[in-house]
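J.: Next comes model.pdb, PDB, C-alpha atoms and all ligand atoms:
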```pdb
MODEL        1
ATOM      1  CA  MET F   1     -12.673-135.385  23.056
ATOM      2  CA  LEU F   2     -11.261-134.940  19.587
ATOM      3  CA  ILE F   3     -13.450-135.640  16.569
ATOM      4  CA  LEU F   4     -11.601-135.912  13.274
ATOM      5  CA  GLY F   5     -14.301-134.504  11.049
ATOM      6  CA  GLY F   6     -15.207-133.294   7.591
ATOM      7  CA  THR F   7     -18.354-135.435   7.293
ATOM      8  CA  THR F   8     -22.065-135.213   8.085
ATOM      9  CA  GLU F   9     -21.601-137.980  10.664
ATOM     10  CA  ALA F  10     -18.879-136.028  12.473
ATOM     11  CA  ARG F  11     -21.209-133.033  12.718
ATOM     12  CA  HIS F  12     -24.056-135.217  13.951
ATOM     13  CA  LEU F  13     -21.759-136.635  16.633
ATOM     14  CA  ALA F  14     -20.742-133.145  17.787
ATOM     15  CA  GLU F  15     -24.442-132.192  17.874
ATOM     16  CA  ALA F  16     -25.361-135.324  19.835
ATOM     17  CA  LEU F  17     -22.607-134.616  22.392
ATOM     18  CA  ALA F  18     -23.614-130.962  22.688
ATOM     19  CA  ALA F  19     -27.192-132.031  23.449
ATOM     20  CA  GLN F  20     -26.158-134.244  26.368
ATOM     21  CA  PRO F  21     -26.237-132.957  29.933
ATOM     22  CA  HIS F  22     -22.674-133.916  30.876
ATOM     23  CA  ARG F  23     -19.846-131.529  30.180
ATOM     24  CA  LEU F  24     -17.583-133.129  27.604
ATOM     25  CA  HIS F  25     -15.157-130.714  26.011
ATOM     26  CA  VAL F  26     -15.378-131.518  22.301
ATOM     27  CA  THR F  27     -13.100-130.257  19.535
ATOM     28  CA  THR F  28     -13.801-131.093  15.901
ATOM     29  CA  SER F  29     -10.821-130.997  13.567
ATOM     30  CA  LEU F  30     -11.284-130.114   9.892
ATOM     31  CA  ALA F  31      -8.656-130.451   7.184
ATOM     32  CA  GLY F  32      -9.454-127.054   5.672
ATOM     33  CA  ARG F  33     -10.277-128.315   2.180
ATOM     34  CA  VAL F  34     -13.636-126.519   1.949
ATOM     35  CA  THR F  35     -13.747-122.715   1.849
ATOM     36  CA  HIS F  36     -16.873-122.299   4.009
ATOM     37  CA  PRO F  37     -17.266-125.456   6.098
ATOM     38  CA  THR F  38     -20.410-126.054   8.107
ATOM     39  CA  ARG F  39     -19.187-125.599  11.687
ATOM     40  CA  PRO F  40     -20.336-128.133  14.269
ATOM     41  CA  PRO F  41     -21.099-127.163  17.878
ATOM     42  CA  GLY F  42     -18.146-127.159  20.270
ATOM     43  CA  ASP F  43     -14.648-126.006  19.381
ATOM     44  CA  THR F  44     -13.254-126.391  15.890
ATOM     45  CA  ARG F  45      -9.675-126.353  14.686
ATOM     46  CA  ILE F  46      -8.690-126.265  11.018
ATOM     47  CA  GLY F  47      -5.650-127.650   9.192
ATOM     48  CA  GLY F  48      -3.364-130.671   9.322
ATOM     49  CA  PHE F  49      -1.474-131.693  12.462
ATOM     50  CA  GLY F  50       1.784-132.513  10.695
ATOM     51  CA  GLY F  51       1.497-136.275  10.329
ATOM     52  CA  PRO F  52       1.034-138.882  13.079
ATOM     53  CA  ASP F  53       3.754-137.324  15.270
ATOM     54  CA  GLY F  54       2.109-133.905  15.094
ATOM     55  CA  LEU F  55      -1.250-135.429  15.983
ATOM     56  CA  ALA F  56       0.326-137.331  18.901
ATOM     57  CA  ASP F  57       1.833-134.058  20.176
ATOM     58  CA  TRP F  58      -1.565-132.371  19.899
ATOM     59  CA  LEU F  59      -3.261-135.181  21.841
ATOM     60  CA  ARG F  60      -0.718-134.870  24.662
ATOM     61  CA  ALA F  61      -0.742-131.062  24.716
ATOM     62  CA  HIS F  62      -4.545-130.949  24.945
ATOM     63  CA  ALA F  63      -4.865-133.892  27.361
ATOM     64  CA  VAL F  64      -7.272-135.641  25.009
ATOM     65  CA  ASP F  65      -9.143-138.558  26.611
ATOM     66  CA  ALA F  66     -10.559-140.153  23.447
ATOM     67  CA  VAL F  67     -10.514-139.689  19.672
ATOM     68  CA  VAL F  68     -13.230-140.448  17.149
ATOM     69  CA  ASP F  69     -12.031-140.790  13.574
ATOM     70  CA  ALA F  70     -15.149-139.600  11.762
ATOM     71  CA  THR F  71     -13.350-138.699   8.544
ATOM     72  CA  HIS F  72     -14.683-139.650   5.134
ATOM     73  CA  PRO F  73     -14.145-143.306   4.091
ATOM     74  CA  PHE F  74     -11.732-142.018   1.419
ATOM     75  CA  ALA F  75      -9.632-139.945   3.859
ATOM     76  CA  GLU F  76      -7.259-142.872   4.093
ATOM     77  CA  ARG F  77      -4.139-141.083   5.286
ATOM     78  CA  MET F  78      -5.851-139.400   8.224
ATOM     79  CA  SER F  79      -7.321-142.692   9.462
ATOM     80  CA  PHE F  80      -3.885-144.305   9.493
ATOM     81  CA  ASN F  81      -2.386-141.203  11.168
ATOM     82  CA  ALA F  82      -5.049-141.387  13.868
ATOM     83  CA  ALA F  83      -4.366-145.086  14.491
ATOM     84  CA  ALA F  84      -0.617-144.450  14.769
ATOM     85  CA  ALA F  85      -0.956-141.382  17.013
ATOM     86  CA  CYS F  86      -3.428-143.072  19.351
ATOM     87  CA  ALA F  87      -1.252-146.189  19.573
ATOM     88  CA  ALA F  88       1.761-144.006  20.437
ATOM     89  CA  THR F  89      -0.062-142.020  23.127
ATOM     90  CA  GLY F  90      -2.392-144.706  24.505
ATOM     91  CA  VAL F  91      -5.453-142.546  23.764
ATOM     92  CA  PRO F  92      -8.523-144.702  22.939
ATOM     93  CA  LEU F  93      -9.669-144.449  19.319
ATOM     94  CA  LEU F  94     -13.036-145.210  17.736
ATOM     95  CA  ALA F  95     -13.745-145.114  13.999
ATOM     96  CA  LEU F  96     -17.165-143.760  13.027
ATOM     97  CA  ARG F  97     -17.742-145.291   9.594
ATOM     98  CA  ARG F  98     -20.972-144.961   7.716
ATOM     99  CA  PRO F  99     -22.170-148.257   6.201
ATOM    100  CA  ALA F 100     -21.371-148.756   2.529
ATOM    101  CA  TRP F 101     -24.160-148.616  -0.053
ATOM    102  CA  THR F 102     -25.521-151.930  -1.295
ATOM    103  CA  PRO F 103     -27.024-152.453  -4.761
ATOM    104  CA  SER F 104     -30.771-152.884  -5.317
ATOM    105  CA  PRO F 105     -32.485-154.889  -8.070
ATOM    106  CA  GLY F 106     -32.088-153.026 -11.349
ATOM    107  CA  ASP F 107     -28.724-151.490 -10.441
ATOM    108  CA  ASP F 108     -25.886-151.870 -12.952
ATOM    109  CA  TRP F 109     -22.819-151.216 -10.796
ATOM    110  CA  HIS F 110     -19.260-151.713 -11.969
ATOM    111  CA  HIS F 111     -16.740-151.825  -9.108
ATOM    112  CA  VAL F 112     -13.211-150.508  -9.595
ATOM    113  CA  PRO F 113     -10.411-150.204  -7.012
ATOM    114  CA  THR F 114      -9.177-146.689  -7.805
ATOM    115  CA  LEU F 115     -10.041-143.465  -9.642
ATOM    116  CA  ALA F 116      -7.436-144.394 -12.278
ATOM    117  CA  ALA F 117      -9.230-147.702 -12.852
ATOM    118  CA  ALA F 118     -12.526-145.802 -13.112
ATOM    119  CA  ALA F 119     -11.021-143.577 -15.816
ATOM    120  CA  ALA F 120      -9.793-146.660 -17.699
ATOM    121  CA  ALA F 121     -13.230-148.324 -17.558
ATOM    122  CA  LEU F 122     -15.331-145.236 -18.295
ATOM    123  CA  PRO F 123     -15.141-144.930 -22.119
ATOM    124  CA  ALA F 124     -16.644-148.423 -22.539
ATOM    125  CA  LEU F 125     -19.659-147.507 -20.386
ATOM    126  CA  GLY F 126     -20.787-144.104 -21.624
ATOM    127  CA  ARG F 127     -19.980-140.807 -23.295
ATOM    128  CA  ARG F 128     -21.711-138.312 -20.989
ATOM    129  CA  ALA F 129     -20.590-138.847 -17.402
ATOM    130  CA  PHE F 130     -21.901-137.447 -14.141
ATOM    131  CA  LEU F 131     -18.712-137.295 -12.070
ATOM    132  CA  THR F 132     -19.322-137.072  -8.327
ATOM    133  CA  THR F 133     -15.875-137.993  -7.022
ATOM    134  CA  GLY F 134     -15.080-134.465  -5.806
ATOM    135  CA  ARG F 135     -12.769-131.794  -7.128
ATOM    136  CA  THR F 136      -9.570-133.642  -6.280
ATOM    137  CA  GLY F 137     -10.841-136.662  -8.211
ATOM    138  CA  LEU F 138     -11.157-134.752 -11.485
ATOM    139  CA  ALA F 139      -7.487-135.003 -12.449
ATOM    140  CA  ALA F 140      -7.698-138.778 -12.860
ATOM    141  CA  PHE F 141     -10.090-138.228 -15.807
ATOM    142  CA  ALA F 142      -8.241-135.265 -17.363
ATOM    143  CA  HIS F 143      -6.933-137.260 -20.349
ATOM    144  CA  LEU F 144     -10.378-138.444 -21.490
ATOM    145  CA  ASP F 145     -11.042-136.124 -24.449
ATOM    146  CA  GLY F 146     -13.855-138.251 -25.866
ATOM    147  CA  THR F 147     -16.106-138.047 -22.794
ATOM    148  CA  TRP F 148     -18.300-135.106 -21.699
ATOM    149  CA  PHE F 149     -18.342-134.558 -17.927
ATOM    150  CA  LEU F 150     -20.738-132.954 -15.504
ATOM    151  CA  ALA F 151     -18.364-132.616 -12.517
ATOM    152  CA  ARG F 152     -19.993-131.806  -9.192
ATOM    153  CA  SER F 153     -17.991-130.496  -6.246
ATOM    154  CA  VAL F 154     -18.384-128.217  -3.223
ATOM    155  CA  ASP F 155     -15.615-125.809  -4.263
ATOM    156  CA  ALA F 156     -14.321-125.096  -7.771
ATOM    157  CA  PRO F 157     -11.722-127.618  -8.968
ATOM    158  CA  THR F 158      -8.151-126.392  -9.234
ATOM    159  CA  ALA F 159      -6.681-129.619 -10.636
ATOM    160  CA  PRO F 160      -6.522-130.220 -14.417
ATOM    161  CA  ALA F 161      -9.970-131.101 -15.793
ATOM    162  CA  PRO F 162     -10.996-133.079 -18.892
ATOM    163  CA  ARG F 163     -11.415-130.961 -22.026
ATOM    164  CA  HIS F 164     -15.225-131.236 -22.076
ATOM    165  CA  THR F 165     -16.224-130.477 -18.500
ATOM    166  CA  GLU F 166     -19.107-128.529 -17.017
ATOM    167  CA  VAL F 167     -18.553-127.854 -13.313
ATOM    168  CA  LEU F 168     -21.548-127.859 -11.005
ATOM    169  CA  LEU F 169     -20.847-126.338  -7.580
ATOM    170  CA  ALA F 170     -23.163-127.872  -5.001
ATOM    171  CA  ARG F 171     -23.087-129.298  -1.491
ATOM    172  CA  GLY F 172     -25.296-132.211  -0.402
ATOM    173  CA  PRO F 173     -27.693-133.414   0.752
ATOM    174  CA  PHE F 174     -29.208-133.968  -2.683
ATOM    175  CA  THR F 175     -32.760-135.016  -3.572
ATOM    176  CA  LEU F 176     -34.007-137.729  -5.903
ATOM    177  CA  ASP F 177     -35.956-135.157  -7.933
ATOM    178  CA  GLY F 178     -32.853-133.018  -8.311
ATOM    179  CA  GLU F 179     -30.627-135.930  -9.351
ATOM    180  CA  ARG F 180     -33.254-137.191 -11.797
ATOM    181  CA  GLU F 181     -33.418-133.747 -13.387
ATOM    182  CA  LEU F 182     -29.622-133.464 -13.727
ATOM    183  CA  ILE F 183     -29.431-136.843 -15.477
ATOM    184  CA  ARG F 184     -32.278-135.914 -17.822
ATOM    185  CA  GLU F 185     -31.177-132.357 -18.567
ATOM    186  CA  HIS F 186     -27.566-133.289 -19.305
ATOM    187  CA  ARG F 187     -28.407-136.590 -21.066
ATOM    188  CA  ILE F 188     -26.091-138.412 -18.663
ATOM    189  CA  ASP F 189     -25.420-142.024 -19.661
ATOM    190  CA  VAL F 190     -23.014-143.076 -16.880
ATOM    191  CA  LEU F 191     -22.536-142.095 -13.220
ATOM    192  CA  VAL F 192     -19.150-142.190 -11.463
ATOM    193  CA  THR F 193     -19.071-142.246  -7.670
ATOM    194  CA  LYS F 194     -16.895-143.199  -4.755
ATOM    195  CA  ALA F 195     -18.395-145.887  -2.505
ATOM    196  CA  SER F 196     -18.926-143.220   0.126
ATOM    197  CA  GLY F 197     -22.141-144.509   1.697
ATOM    198  CA  GLY F 198     -24.484-142.301   3.728
ATOM    199  CA  SER F 199     -27.855-140.823   2.898
ATOM    200  CA  ALA F 200     -26.832-137.311   1.813
ATOM    201  CA  THR F 201     -25.540-138.377  -1.602
ATOM    202  CA  ALA F 202     -27.432-141.669  -2.084
ATOM    203  CA  PRO F 203     -30.303-140.323  -4.288
ATOM    204  CA  LYS F 204     -28.012-140.254  -7.347
ATOM    205  CA  LEU F 205     -27.906-144.063  -7.190
ATOM    206  CA  ALA F 206     -31.699-144.350  -7.261
ATOM    207  CA  ALA F 207     -31.841-141.815 -10.091
ATOM    208  CA  ALA F 208     -29.274-143.834 -12.087
ATOM    209  CA  ARG F 209     -31.282-147.015 -11.487
ATOM    210  CA  GLU F 210     -34.477-145.326 -12.707
ATOM    211  CA  ALA F 211     -32.696-143.986 -15.790
ATOM    212  CA  GLY F 212     -31.210-147.437 -16.519
ATOM    213  CA  ILE F 213     -27.643-146.119 -16.694
ATOM    214  CA  PRO F 214     -24.489-147.867 -15.398
ATOM    215  CA  VAL F 215     -22.655-146.698 -12.290
ATOM    216  CA  LEU F 216     -18.883-146.874 -11.847
ATOM    217  CA  VAL F 217     -18.258-147.384  -8.138
ATOM    218  CA  VAL F 218     -14.758-146.691  -6.805
ATOM    219  CA  ASP F 219     -14.382-149.059  -3.849
ATOM    220  CA  ARG F 220     -13.209-147.855  -0.441
ATOM    221  CA  PRO F 221      -9.499-147.854   0.391
ATOM    222  CA  PRO F 222      -8.189-150.041   3.248
ATOM    223  CA  VAL F 223      -8.605-148.952   6.868
ATOM    224  CA  PRO F 224      -6.233-149.537   9.783
ATOM    225  CA  GLY F 225      -6.893-152.795  11.618
ATOM    226  CA  GLY F 226      -7.670-153.185  15.305
ATOM    227  CA  VAL F 227      -9.768-150.020  15.641
ATOM    228  CA  PRO F 228     -13.310-150.459  17.040
ATOM    229  CA  VAL F 229     -16.000-149.200  14.675
ATOM    230  CA  ALA F 230     -19.345-147.450  15.251
ATOM    231  CA  ALA F 231     -21.782-147.151  12.340
ATOM    232  CA  SER F 232     -23.754-144.132  13.595
ATOM    233  CA  ALA F 233     -23.216-140.909  15.496
ATOM    234  CA  GLU F 234     -25.491-142.210  18.274
ATOM    235  CA  ALA F 235     -23.359-145.355  18.705
ATOM    236  CA  ALA F 236     -20.191-143.243  18.793
ATOM    237  CA  ALA F 237     -21.723-140.914  21.410
ATOM    238  CA  SER F 238     -22.503-143.927  23.624
ATOM    239  CA  TRP F 239     -18.920-145.171  23.272
ATOM    240  CA  LEU F 240     -17.608-141.761  24.402
ATOM    241  CA  LEU F 241     -19.790-141.477  27.500
ATOM    242  CA  PRO F 242     -17.461-143.361  29.933
ATOM    243  CA  TYR F 243     -14.701-140.886  29.119
TER     244      TYR F 243
HETATM  245  P1  LIG L 301      -6.417-137.608   3.728
HETATM  246  O1  LIG L 301      -5.846-137.801   2.367
HETATM  247  O2  LIG L 301      -6.652-138.803   4.542
HETATM  248  O3  LIG L 301      -5.513-136.635   4.599
HETATM  249  C1  LIG L 301      -4.461-135.852   4.064
HETATM  250  C2  LIG L 301      -3.951-134.944   5.160
HETATM  251  O4  LIG L 301      -4.951-133.940   5.461
HETATM  252  C3  LIG L 301      -3.722-135.664   6.470
HETATM  253  O5  LIG L 301      -2.465-136.277   6.497
HETATM  254  C4  LIG L 301      -3.872-134.519   7.462
HETATM  255  O6  LIG L 301      -2.715-133.697   7.463
HETATM  256  C5  LIG L 301      -4.970-133.681   6.852
HETATM  257  N1  LIG L 301      -6.301-134.025   7.371
HETATM  258  C6  LIG L 301      -7.213-134.882   6.857
HETATM  259  N2  LIG L 301      -8.326-134.896   7.586
HETATM  260  C7  LIG L 301      -8.115-134.024   8.595
HETATM  261  C8  LIG L 301      -8.917-133.596   9.691
HETATM  262  N3  LIG L 301     -10.171-134.046   9.891
HETATM  263  N4  LIG L 301      -8.373-132.686  10.549
HETATM  264  C9  LIG L 301      -7.108-132.216  10.357
HETATM  265  N5  LIG L 301      -6.334-132.575   9.328
HETATM  266  C10 LIG L 301      -6.817-133.474   8.466
HETATM  267  O7  LIG L 301      -7.774-136.772   3.650
HETATM  268  P2  LIG L 301      -8.564-136.157   2.392
HETATM  269  O8  LIG L 301      -9.105-137.286   1.586
HETATM  270  O9  LIG L 301      -7.712-135.110   1.757
HETATM  271  O10 LIG L 301      -9.800-135.500   3.150
HETATM  272  C11 LIG L 301      -9.625-134.279   3.842
HETATM  273  C12 LIG L 301     -10.882-133.999   4.657
HETATM  274  O11 LIG L 301     -12.016-133.946   3.818
HETATM  275  C13 LIG L 301     -11.167-135.044   5.733
HETATM  276  O12 LIG L 301     -11.500-134.362   6.917
HETATM  277  C14 LIG L 301     -12.366-135.821   5.194
HETATM  278  O13 LIG L 301     -13.208-136.242   6.230
HETATM  279  C15 LIG L 301     -13.021-134.791   4.291
HETATM  280  N6  LIG L 301     -13.678-135.402   3.124
HETATM  281  C16 LIG L 301     -12.949-136.185   2.283
HETATM  282  C17 LIG L 301     -13.569-136.754   1.198
HETATM  283  C18 LIG L 301     -12.830-137.666   0.262
HETATM  284  O14 LIG L 301     -13.455-138.167  -0.697
HETATM  285  N7  LIG L 301     -11.539-137.916   0.476
HETATM  286  C19 LIG L 301     -14.924-136.513   0.961
HETATM  287  C20 LIG L 301     -15.634-135.688   1.841
HETATM  288  C21 LIG L 301     -14.988-135.137   2.916
HETATM  289  P3  LIG L 301      -1.551-133.890   8.556
HETATM  290  O15 LIG L 301      -0.847-135.155   8.183
HETATM  291  O16 LIG L 301      -0.734-132.670   8.412
HETATM  292  O17 LIG L 301      -2.222-133.996   9.910
ENDMDL
END
```
How would this structure read if it were set down as structure tokens?
Ligand code: NAP
T.:
Amino acid sequence: MLILGGTTEARHLAEALAAQPHRLHVTTSLAGRVTHPTRPPGDTRIGGFGGPDGLADWLRAHAVDAVVDATHPFAERMSFNAAAACAATGVPLLALRRPAWTPSPGDDWHHVPTLAAAAAALPALGRRAFLTTGRTGLAAFAHLDGTWFLARSVDAPTAPAPRHTEVLLARGPFTLDGERELIREHRIDVLVTKASGGSATAPKLAAAREAGIPVLVVDRPPVPGGVPVAASAEAAASWLLPY
């Protein structure tokens, strides 16, 4: 089995498979973006495959019986590569996609299609932004000199950052108390997030609701069609069992 990972759900799937009595050989693949990734049980491999053709070669060379694309909802390229490689090799593919967040009463969410659109909309919504779009997302905001940013990421950003940026290095899961405190301490008046879904980073949304501040939500990119979807690691583990 090959799990395309880099998410909490991918790790949970590897853990669920490791806990089962049958003897599936599971490899989790990580892109290598994070310096010290949390390693799941089973084998891990790190680094790109070299596009869909490279992934197809890897599937053949390792006699892979099934692939689970458990990458982040914003890892668009890898999901399309997986669909192409599995179609070319005839290896069954499942997408493990965490459900998207849905707004609650009191939320003031503003949906935008891209990070660039978020940067264009931001100045009208606030002047002190909590930016949680990851270190590669920072560059899209680099030209906004009039906004102060608290930019949270797992590793230090290397891309150009806005002039007034404080970087906060942290890895989820995050707590409501912690998110509340960050918003208070830094006098945050707008939150920027990708529509990632999942529980690990959801408390920031409740904290924003409590504080009465707007949230800029970058909507998910498109996914390849025709791929069956599981919404939880448990559902994906059940799908894998016949293999
Ligand atoms: P991406 O744009 O879809 O992928 C870019 C390239 O990175 C792919 O073409 C592939 O290289 C390689 N790659 C991506 N995921 C891989 C994996 N699991 N194993 C091996 N190679 C992989 O992806 P991304 O947005 O840069 O995300 C990279 C990783 O970070 C993913 O594993 C994702 O789950 C995780 N992640 C992403 C985000 C996010 O917001 N994008 C957030 C949290 C975690 P080749 O073409 O050479 O195979």
J.: As lines of an AutoDock Vina configuration file, what would the box around region 157-162 of chain F look like: edges along x, y and z, 6 Å added on every side, centre and edge lengths in Å to one decimal?
T.:
```
center_x = -9.1
center_y = -129.7
center_z = -13.9
size_x = 17.2
size_y = 18.7
size_z = 21.9
```
J.: Evaluate the PyMOL selection byres (((chain F and resi 181-198) around 7) and not hetatm) on the structure here and hand back the selected residues as number ranges by chain.
T.: F: 73, 98-101, 125-133, 177-180, 199-202, 213-220
J.: So how many Å separate atom C3 of ligand LIG 301 (chain L) and CA of Arg135 (chain F), to one decimal?
T.: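 Computing the Euclidean distance for atom C3 of ligand LIG 301 (chain L) and CA of Arg135 (chain F) yields 16.8 Å.
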J.: Kindly indicate which residue among F:Gln20, F:Ser153, F:Thr102, F:Thr147 lies nearest to ligand LIG 301 (chain L), using only C-alpha atoms and all ligand atoms for the distances.
T.: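 Closest to ligand LIG 301 (chain L) of all the choices is F:Ser153.
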J.: Name the residues captured by the PyMOL selection byres (((not hetatm)) within 10 of (chain L and resi 301)) when it is applied to the shown file; answer as a VMD selection string.
T.: chain F and resid 2 to 10 28 to 34 44 to 56 69 to 82 132 to 137 153 to 154 193 to 196 220
J.: For the provided coordinates, the residues matched by the PyMOL selection byres (((chain F and resi 146) around 12) and not hetatm) should be stated as an NGL selection string.
T.: :F and (119 or 122-124 or 126-129 or 141-145 or 147-149 or 162-165)
J.: Nearest residue to Ala208 (chain F) out of F:Leu176, F:Leu115, F:Ala18, F:Ala63, using all atoms listed in the file?
T.: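 Of all the options, F:Leu176 lies closest to Ala208 (chain F).
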J.: Can you tell me how far CA of Tyr243 (chain F) sits from CA of Ala66 (chain F), in Å to one decimal?
T.: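 Distance between the two atoms: 7.1 Å.
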J.: When distances are computed from all atoms listed in the file, which of F:Ala140, F:Leu13, F:Val68, F:Leu94 shows the smallest separation from Ala116 (chain F)?
T.: F:Ala140
J.: Expressed in Å to a single decimal, how great is the separation between CA of Ala84 (chain F) and CA of Ser232 (chain F)?
T.: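 Atom-to-atom, CA of Ala84 (chain F) and CA of Ser232 (chain F) are spaced 23.2 Å apart.
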J.: Between F:Ala139, F:Ala14, F:Met1, F:Ala121, which one has atoms that come closest to Ala233 (chain F), using only C-alpha atoms?
T.: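 The answer is F:Ala14, which sits nearest to Ala233 (chain F).
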J.: Just give me the residues with any atom within 9 Å of (-11.6, -152.0, 16.2), file coordinates, counting only C-alpha atoms, written as JSON, numbers by chain.
T.: {"F": [93, 94, 95, 224, 225, 226, 227, 228, 229]}
J.: Convert the current residue selection to file output with C-alpha atoms, as a PDB file, keeping the file's coordinate frame.
T.:
```
ATOM      1  CA  LEU F  93      -9.669-144.449  19.319  1.00  0.00           C
ATOM      2  CA  LEU F  94     -13.036-145.210  17.736  1.00  0.00           C
ATOM      3  CA  ALA F  95     -13.745-145.114  13.999  1.00  0.00           C
ATOM      4  CA  PRO F 224      -6.233-149.537   9.783  1.00  0.00           C
ATOM      5  CA  GLY F 225      -6.893-152.795  11.618  1.00  0.00           C
ATOM      6  CA  GLY F 226      -7.670-153.185  15.305  1.00  0.00           C
ATOM      7  CA  VAL F 227      -9.768-150.020  15.641  1.00  0.00           C
ATOM      8  CA  PRO F 228     -13.310-150.459  17.040  1.00  0.00           C
ATOM      9  CA  VAL F 229     -16.000-149.200  14.675  1.00  0.00           C
TER      10      VAL F 229
END
```
J.: Can you find the residues with an atom no farther than 6 Å from (-19.4, -127.9, -9.1), counting all atoms listed in the file, and report them as a PyMOL selection string?
T.: chain F and resi 151-154+156+167-170
J.: My structure is short of atoms at region 43-61 of chain F; please model N, CA and C atoms there, returning them as a PDB file, in the coordinates of the input.
T.:
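Contents of the output file part-v1.pdb:
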```pdb
ATOM      1  N   ASP F  43     -15.793-126.690  19.995  1.00  0.00           N
ATOM      2  CA  ASP F  43     -14.648-126.006  19.381  1.00  0.00           C
ATOM      3  C   ASP F  43     -14.337-126.623  18.024  1.00  0.00           C
ATOM      4  N   THR F  44     -13.777-125.822  17.143  1.00  0.00           N
ATOM      5  CA  THR F  44     -13.254-126.391  15.890  1.00  0.00           C
ATOM      6  C   THR F  44     -11.816-125.906  15.707  1.00  0.00           C
ATOM      7  N   ARG F  45     -11.013-126.748  15.106  1.00  0.00           N
ATOM      8  CA  ARG F  45      -9.675-126.353  14.686  1.00  0.00           C
ATOM      9  C   ARG F  45      -9.545-126.764  13.223  1.00  0.00           C
ATOM     10  N   ILE F  46      -8.764-126.008  12.465  1.00  0.00           N
ATOM     11  CA  ILE F  46      -8.690-126.265  11.018  1.00  0.00           C
ATOM     12  C   ILE F  46      -7.238-126.390  10.577  1.00  0.00           C
ATOM     13  N   GLY F  47      -6.983-127.445   9.757  1.00  0.00           N
ATOM     14  CA  GLY F  47      -5.650-127.650   9.192  1.00  0.00           C
ATOM     15  C   GLY F  47      -5.017-128.934   9.704  1.00  0.00           C
ATOM     16  N   GLY F  48      -4.037-129.420   8.951  1.00  0.00           N
ATOM     17  CA  GLY F  48      -3.364-130.671   9.322  1.00  0.00           C
ATOM     18  C   GLY F  48      -2.580-130.524  10.624  1.00  0.00           C
ATOM     19  N   PHE F  49      -2.218-131.672  11.196  1.00  0.00           N
ATOM     20  CA  PHE F  49      -1.474-131.693  12.462  1.00  0.00           C
ATOM     21  C   PHE F  49       0.025-131.841  12.217  1.00  0.00           C
ATOM     22  N   GLY F  50       0.380-132.215  10.974  1.00  0.00           N
ATOM     23  CA  GLY F  50       1.784-132.513  10.695  1.00  0.00           C
ATOM     24  C   GLY F  50       2.087-133.989  10.882  1.00  0.00           C
ATOM     25  N   GLY F  51       1.256-134.828  10.282  1.00  0.00           N
ATOM     26  CA  GLY F  51       1.497-136.275  10.329  1.00  0.00           C
ATOM     27  C   GLY F  51       1.142-136.872  11.686  1.00  0.00           C
ATOM     28  N   PRO F  52       1.393-138.200  11.825  1.00  0.00           N
ATOM     29  CA  PRO F  52       1.034-138.882  13.079  1.00  0.00           C
ATOM     30  C   PRO F  52       1.752-138.307  14.296  1.00  0.00           C
ATOM     31  N   ASP F  53       3.018-137.880  14.120  1.00  0.00           N
ATOM     32  CA  ASP F  53       3.754-137.324  15.270  1.00  0.00           C
ATOM     33  C   ASP F  53       3.132-136.002  15.723  1.00  0.00           C
ATOM     34  N   GLY F  54       2.752-135.184  14.750  1.00  0.00           N
ATOM     35  CA  GLY F  54       2.109-133.905  15.094  1.00  0.00           C
ATOM     36  C   GLY F  54       0.782-134.128  15.799  1.00  0.00           C
ATOM     37  N   LEU F  55       0.036-135.123  15.334  1.00  0.00           N
ATOM     38  CA  LEU F  55      -1.250-135.429  15.983  1.00  0.00           C
ATOM     39  C   LEU F  55      -1.010-135.950  17.405  1.00  0.00           C
ATOM     40  N   ALA F  56       0.011-136.814  17.563  1.00  0.00           N
ATOM     41  CA  ALA F  56       0.326-137.331  18.901  1.00  0.00           C
ATOM     42  C   ALA F  56       0.693-136.179  19.844  1.00  0.00           C
ATOM     43  N   ASP F  57       1.478-135.225  19.348  1.00  0.00           N
ATOM     44  CA  ASP F  57       1.833-134.058  20.176  1.00  0.00           C
ATOM     45  C   ASP F  57       0.584-133.289  20.586  1.00  0.00           C
ATOM     46  N   TRP F  58      -0.334-133.129  19.630  1.00  0.00           N
ATOM     47  CA  TRP F  58      -1.565-132.371  19.899  1.00  0.00           C
ATOM     48  C   TRP F  58      -2.401-133.090  20.960  1.00  0.00           C
ATOM     49  N   LEU F  59      -2.472-134.403  20.867  1.00  0.00           N
ATOM     50  CA  LEU F  59      -3.261-135.181  21.841  1.00  0.00           C
ATOM     51  C   LEU F  59      -2.693-135.005  23.252  1.00  0.00           C
ATOM     52  N   ARG F  60      -1.355-135.037  23.344  1.00  0.00           N
ATOM     53  CA  ARG F  60      -0.718-134.870  24.662  1.00  0.00           C
ATOM     54  C   ARG F  60      -0.927-133.437  25.162  1.00  0.00           C
ATOM     55  N   ALA F  61      -0.679-132.470  24.282  1.00  0.00           N
ATOM     56  CA  ALA F  61      -0.742-131.062  24.716  1.00  0.00           C
ATOM     57  C   ALA F  61      -2.144-130.672  25.183  1.00  0.00           C
TER      58      ALA F  61
END
```
